[in-house]
Amino acid sequence: MTDQEIKNKIKTEEYFVNMGPQHPAAHGVLRLLLTIDGEIIKNVEPDLGYIHRSIEKMSERDSYQQIVHLTDRMDYLSSNINNEAVCLTVEKALEIEVSDRVKVIRTIISELTRIASHCLWWGVMGMDLGALTTYFYAFRDREMINDIFEETCGARLTMNYNAPGGLMYDIHPNFVKRTKDFIKHFKTKIPEYDRLLTGNIIFQKRTKGVGVLTKEDAISYGATGPVGRGSGFSCDVRKHHIYSAYDRVDFKEALLTEGDTFARYQVRIMELWESISIIEQLIDNIPEGSVKEPTKAVIKLPKGEFYQRVETARGELGVYINSTGTKNPYRVKFRSPGFSNLSVLNHIAKGSKIADLVATMASFDFVIPDIDR
Amino acid sequence: MNFLIMNIPLNITSTIHDWIYSIMPETAASITIMVLIAVAYLALFAVAGLYLVLLERKVAAWFQLRLGPNRVGPWGLFQTIADALKLVSKELTSNDRVDKFLYNLAPYFVIVSALIAISVFPFSKQFQAFDINIGLFFLIAVSSIGVIGILVGGWASNNKFALIGAMRSGLQTISYELSVGLSILTMVLLTGTLQLSEIVEVQRTGGWLILQGHIPAIIAFCIFMIAGTAETNRAPFDLVEAESELGAGFHTEYSGMKFAYFFLAEFINMFIIASIAVVLFFGGWLSPFGITDGITWFPEVLWFLIKVLVIIFLMMWFRWTFPRLRVDQLLTLEWKYLLPLNLANLMIMAVIIWMNWTI
């Protein structure tokens with residue numbers, strides 16, 4: 001018999017598998033409807049709605065100070081950056097110029113948040129690929145950042161530190177010292193990460209050439225953050241639409257052109273170094289000044305549309321506020337990075353194996369409450 | 001005095017042996033003794049399996065900056081016993097579309113094949129239940145029955161994740177069995193016998209086989225460790241369970257004691273692989289460089305267990321360090337690299353034996 005005859009005789013059948021909503025690789029309640037032929041993926045259909053909390057609709061009911069607190073619950077790993085985005089939008093609408101002190105502290109806190117988020121991602125990336133030890137190494141370092149946040153912001157995950165017009169309160173006296181200690185500690189740990197995972201031959205075989213996203217596709221699907229930059233799409237909001245204190249620091253945009261899982265991995269590791277560099281440049285000379293510009297107890301935005309974007313750990317977060325001049329917004333829309341990145345998944349996972357899908361998803365670093373608000 | 005201490009276990013067993021033969025007809029007595037030995041082994045390996053689980057959790061904790069189990073008993077020593085009690089007392093749930101007969105049968109294939117295999121182990125000169133002249137062959141043959149249990153379990157579960165896991169297991173175990181067999185064969189060329197006790201005795205005069213066989217023996221050891229890890233379905237070859245891909249793989253639908261059988265079998269299989277490695281490469285129960293040869297009361301079984309634990313620690317080290325391979329990479333590794341290397345290695349070893357170049 002020829003190969004074709006054998007293939008005709010032994011028929012295989014495509015079948016559906018529900019990956020999620022409870023699945024260890026989805027990092028939350030993401031449900032993927034997979035069409036599989038053996039181990040080969042034919043189609044991936046993400047099904048959302050398992051953690052929908054109507055954050056945008058609830059925002060229409062709330063005052064502008066209250067919206068800030070809701071955004072903590074979107075991308076909970078970069079909650080400070082989400083807070084900052086709303087505050088920047090409100091400040092832009094009210095034309096408040098916050099003091100330099102606020103700008104610098106916001107930048108430092110944002111970069112610490114980014115490091116914490118990337119730490120968690122690194123641990124989970126290893127875990128998804130079967131190397132369970134990475135998780136604990138990453139959490140050891142993330143814990144130090146959480147301790148810093150606990151001291152200054154009073155919380156470890158949902159910080160609520162920013163407020164329209166500045167910050168809730170000033171930094172803790174220990175903040176500078178502890179941040180420096182952390183930077184010193186963490187600089188010795190990234191090479192350890194490299195030794196444990198990056199240089200591993202199995203890890204490289206699992207990630208190189210897997211889930212390749214071209215630059216054109218990245219742009220057309222709106223992929224941002226490390227996903228877009230791994231494909232060579234220069235999309236760092238911190239460079240292109242400067243906000244807070246990013247104009248007074250010198251940093252490089254992590255950019256690679258391979259577009260595969262390993263490139264996305266490397267971009268995040270490079271970002272860790274860049275974040276360290278940004279904090280180091282700012283931490284020694286935090287300017288004096290007030291930490292809160294006076295705002296009215298009831299903030300009323302002028303009539304009109306306001307938009308502000310920031311770079312979260314996952315990509316570009318846009319906040320759109322449509323105001324009619326009352327104390328509540330008429331419409332709030334968050335452009336979340338995860339949602340656009342998720343839309344790429346079907347395009348690049350087709351034809352790969354289940355294990356490749358898991359590796360690709362790990363490199364996308366999905367936070368489901370961010371995708372499904 | 002020393003002589004007495006050495007012989008206490010032997011004296012007890014021979015006393016029991018004589019007593020049973022004195023009160024029963026010969027056939028009944030030998031059957032009773034077989035049952036007694038089986039029960040003793042079963043108890044021994046249930047405990048060994050449990051404590052290997054504890055060791056794994058402790059080793060994992062040491063690698064991962066944690067403490068590990070430390071609440072139940074001193075140093076967490078009773079943790080796994082508590083876990084086992086929990087699993088025994090748990091309800092056996094299953095979905096109502098399973099193939100009842102095969103679903104219930106599958107765990108026994110896995111655990112029984114693992115338990116049969118241990119019967120031929122040479123723990124020490126006196127401590128071996130079943131010293132047959134085809135010991136190694138018996139070990140390979142019996143331990144490959146286990147994959148039937150995994151395949152049947154995955155198939156009968158009527159769960160797609162379990163099915164994918166089971167199919168992967170079939171691919172993996174059948175492929176890597178070749179490498180295990182060939183690397184053992186390489187060493188058998190050197191020993192000239194398949195009987196486990198004789199393989200150990202060969203090493204009493206000539207030194208450990210891994211040293212006797214020059215580089216081919218070292219290559220055979222490396223291949224044996226890789227293939228052995230794959231045979232036991234442990235990381236980096238744990239595609240069968242692959243929790244981040246398949247939930248729990250082939251035993252997704254199993255609960256309670258049936259799950260515990262699969263779980264214990266994994267650890268006993270690890271013990272089997274480590275034991276074969278110790279017998280074939282590191283001189284079994286013989287002390288390194290004969291340091292305890294003069295001491296008659298020293299229990300030789302200790303050396304065997306120490307060596308086995310070192311190999312098991314090595315396998316745990318793999319597990320907590322490496323990421324998992326993909327299924328096609330797994331097969332590429334075996335068929336494109338390990339198998340040709342193994343065949344070449346076998347030829348080189350044959351030439352070494354032929355030219356009489358061994359140490």
# chains A, B, ... in the order shown; residues from 1 in each chain; ligands from 1
$ interface_residues --of "chain B" --to "chain A" --cutoff "10 Å" --atoms "only C-alpha atoms" --output "count of residues only"
36
$ residues_around --residues "stretch 346-348 of chain B" --least-positions-apart "6" --cutoff "8 Å" --atoms "only C-alpha atoms" --output "VMD selection string"
chain B and resid 182 to 183 185 to 186 216
$ residues_around --residues "A:Thr261" --least-positions-apart "4" --cutoff "8 Å" --atoms "only C-alpha atoms" --output "PDB file with N, CA and C atoms, in the first residue's frame"
ATOM      1  N   THR A 207      11.094  26.705  22.814  1.00  0.00           N
ATOM      2  CA  THR A 207      10.596  28.052  22.560  1.00  0.00           C
ATOM      3  C   THR A 207      11.061  28.646  21.230  1.00  0.00           C
ATOM      4  N   LYS A 208      12.230  28.248  20.743  1.00  0.00           N
ATOM      5  CA  LYS A 208      12.738  28.867  19.513  1.00  0.00           C
ATOM      6  C   LYS A 208      11.920  28.397  18.314  1.00  0.00           C
ATOM      7  N   GLY A 209      11.451  29.358  17.523  1.00  0.00           N
ATOM      8  CA  GLY A 209      10.676  29.017  16.329  1.00  0.00           C
ATOM      9  C   GLY A 209       9.251  28.585  16.628  1.00  0.00           C
ATOM     10  N   VAL A 210       8.828  28.728  17.868  1.00  0.00           N
ATOM     11  CA  VAL A 210       7.473  28.313  18.241  1.00  0.00           C
ATOM     12  C   VAL A 210       6.581  29.548  18.342  1.00  0.00           C
ATOM     13  N   GLY A 211       5.405  29.484  17.732  1.00  0.00           N
ATOM     14  CA  GLY A 211       4.456  30.586  17.817  1.00  0.00           C
ATOM     15  C   GLY A 211       4.992  31.860  17.206  1.00  0.00           C
ATOM     16  N   VAL A 212       5.449  31.786  15.961  1.00  0.00           N
ATOM     17  CA  VAL A 212       6.075  32.957  15.336  1.00  0.00           C
ATOM     18  C   VAL A 212       5.008  33.955  14.903  1.00  0.00           C
ATOM     19  N   TYR A 265      10.296  36.014  25.313  1.00  0.00           N
ATOM     20  CA  TYR A 265      10.935  35.733  26.598  1.00  0.00           C
ATOM     21  C   TYR A 265      12.105  36.691  26.827  1.00  0.00           C
ATOM     22  N   ALA A 359       3.212  26.784  25.546  1.00  0.00           N
ATOM     23  CA  ALA A 359       4.411  27.624  25.579  1.00  0.00           C
ATOM     24  C   ALA A 359       4.104  29.017  25.045  1.00  0.00           C
ATOM     25  N   THR A 360       3.337  29.086  23.957  1.00  0.00           N
ATOM     26  CA  THR A 360       2.996  30.381  23.373  1.00  0.00           C
ATOM     27  C   THR A 360       2.162  31.212  24.345  1.00  0.00           C
ATOM     28  N   SER A 363       4.189  32.736  26.978  1.00  0.00           N
ATOM     29  CA  SER A 363       4.989  33.885  26.568  1.00  0.00           C
ATOM     30  C   SER A 363       4.123  35.114  26.333  1.00  0.00           C
TER      31      SER A 363
END
$ closest_residue --among "A:Tyr169, A:Thr158, A:Val44, A:Lys189" --to "A:Asp141" --atoms "only C-alpha atoms"
A:Lys189
$ select_by_dssp --residues "stretch 72-225 of chain B" --states "alpha helix (DSSP H)" --output "CSV table (one decimal) with C-alpha atoms, in the first residue's frame"
chain,number,residue,atom,x,y,z
B,79,GLN,CA,3.2,13.2,56.4
B,80,THR,CA,2.9,10.7,53.6
B,81,ILE,CA,1.4,8.1,55.9
B,82,ALA,CA,-1.3,10.6,56.7
B,83,ASP,CA,-1.7,11.2,53.0
B,84,ALA,CA,-2.0,7.5,52.3
B,85,LEU,CA,-4.6,7.1,55.0
B,86,LYS,CA,-6.5,10.0,53.4
B,87,LEU,CA,-6.3,8.4,50.0
B,88,VAL,CA,-7.5,5.0,51.3
B,89,SER,CA,-10.5,6.5,53.1
B,100,LYS,CA,-16.0,-0.1,34.1
B,101,PHE,CA,-14.0,-3.3,33.8
B,102,LEU,CA,-10.9,-1.8,32.2
B,103,TYR,CA,-11.1,1.3,34.3
B,104,ASN,CA,-11.0,-0.8,37.5
B,105,LEU,CA,-8.3,-3.1,36.1
B,106,ALA,CA,-5.8,-0.5,34.9
B,107,PRO,CA,-4.3,0.5,38.3
B,108,TYR,CA,-3.5,-3.1,39.1
B,109,PHE,CA,-1.5,-3.6,35.9
B,110,VAL,CA,0.7,-0.7,36.9
B,111,ILE,CA,1.2,-1.6,40.5
B,112,VAL,CA,1.5,-5.3,40.1
B,113,SER,CA,4.1,-5.1,37.3
B,114,ALA,CA,6.1,-2.8,39.6
B,115,LEU,CA,5.8,-5.2,42.5
B,116,ILE,CA,6.7,-8.3,40.5
B,117,ALA,CA,9.8,-6.7,39.3
B,135,GLY,CA,17.1,-11.9,36.2
B,136,LEU,CA,17.8,-8.9,34.0
B,137,PHE,CA,15.6,-10.1,31.2
B,138,PHE,CA,12.8,-10.8,33.7
B,139,LEU,CA,13.1,-7.2,35.0
B,140,ILE,CA,12.8,-5.7,31.6
B,141,ALA,CA,10.0,-7.9,30.6
B,142,VAL,CA,7.9,-7.4,33.7
B,143,SER,CA,8.4,-3.7,34.0
B,146,GLY,CA,3.1,-1.3,33.3
B,147,VAL,CA,2.5,0.6,30.1
B,148,ILE,CA,-0.5,-1.5,29.4
B,149,GLY,CA,-2.1,-0.3,32.6
B,150,ILE,CA,-1.5,3.3,31.6
B,151,LEU,CA,-2.8,2.8,28.1
B,152,VAL,CA,-5.9,0.9,29.3
B,153,GLY,CA,-6.5,3.5,32.1
B,154,GLY,CA,-6.3,6.4,29.7
B,155,TRP,CA,-8.6,4.7,27.2
B,156,ALA,CA,-11.2,3.5,29.6
B,160,LYS,CA,-9.8,13.3,26.1
B,161,PHE,CA,-7.0,14.6,28.2
B,162,ALA,CA,-6.5,11.1,29.6
B,163,LEU,CA,-6.5,9.6,26.2
B,164,ILE,CA,-3.9,12.0,24.9
B,165,GLY,CA,-1.8,11.2,28.0
B,166,ALA,CA,-2.1,7.5,27.5
B,167,MET,CA,-1.2,7.7,23.8
B,168,ARG,CA,1.9,9.7,24.7
B,169,SER,CA,2.8,7.1,27.3
B,170,GLY,CA,2.5,4.4,24.7
B,171,LEU,CA,4.9,6.3,22.3
B,172,GLN,CA,7.3,7.1,25.0
B,173,THR,CA,7.6,3.8,26.9
B,174,ILE,CA,7.8,1.7,23.8
B,175,SER,CA,10.5,3.9,22.3
B,176,TYR,CA,12.6,4.2,25.3
B,177,GLU,CA,12.4,0.5,26.2
B,178,LEU,CA,14.8,0.0,23.3
B,179,SER,CA,17.4,2.2,24.8
B,180,VAL,CA,17.0,0.7,28.2
B,181,GLY,CA,17.3,-2.8,26.7
B,182,LEU,CA,20.3,-1.9,24.5
B,183,SER,CA,22.3,-0.2,27.3
B,184,ILE,CA,21.7,-3.2,29.6
B,185,LEU,CA,22.8,-5.5,26.8
B,186,THR,CA,26.0,-3.5,26.4
B,187,MET,CA,26.8,-4.2,30.1
B,188,VAL,CA,25.7,-7.8,29.8
B,189,LEU,CA,28.4,-8.3,27.2
B,190,LEU,CA,30.8,-7.4,29.9
B,191,THR,CA,29.4,-9.6,32.7
B,196,LEU,CA,21.7,-10.4,39.1
B,197,SER,CA,23.7,-12.0,42.0
B,198,GLU,CA,26.4,-13.1,39.6
B,199,ILE,CA,26.6,-9.7,38.0
B,200,VAL,CA,27.4,-8.3,41.4
B,201,GLU,CA,29.9,-11.1,42.2
B,202,VAL,CA,31.7,-10.3,38.9
B,203,GLN,CA,32.4,-6.9,40.3
B,204,ARG,CA,34.0,-8.2,43.5
B,205,THR,CA,37.2,-9.0,41.7
B,206,GLY,CA,37.3,-6.6,38.8
B,209,LEU,CA,31.4,-2.3,35.9
B,210,ILE,CA,31.3,1.4,35.0
B,211,LEU,CA,35.1,1.4,35.5
B,212,GLN,CA,35.7,-2.0,33.9
B,214,HIS,CA,35.9,2.1,29.9
B,215,ILE,CA,34.1,4.9,28.0
B,216,PRO,CA,31.3,2.7,26.5
B,217,ALA,CA,30.2,1.8,30.0
B,218,ILE,CA,29.9,5.5,31.0
B,219,ILE,CA,28.0,6.2,27.8
B,220,ALA,CA,25.7,3.2,28.5
B,221,PHE,CA,25.1,4.6,32.0
B,222,CYS,CA,24.2,8.0,30.7
B,223,ILE,CA,21.8,6.5,28.1
B,224,PHE,CA,20.4,4.2,30.8
B,225,MET,CA,19.7,7.2,33.1
$ atom_distance --atom1 "atom CA of B:Leu77" --atom2 "atom CA of B:Ile276"
27.4 Å
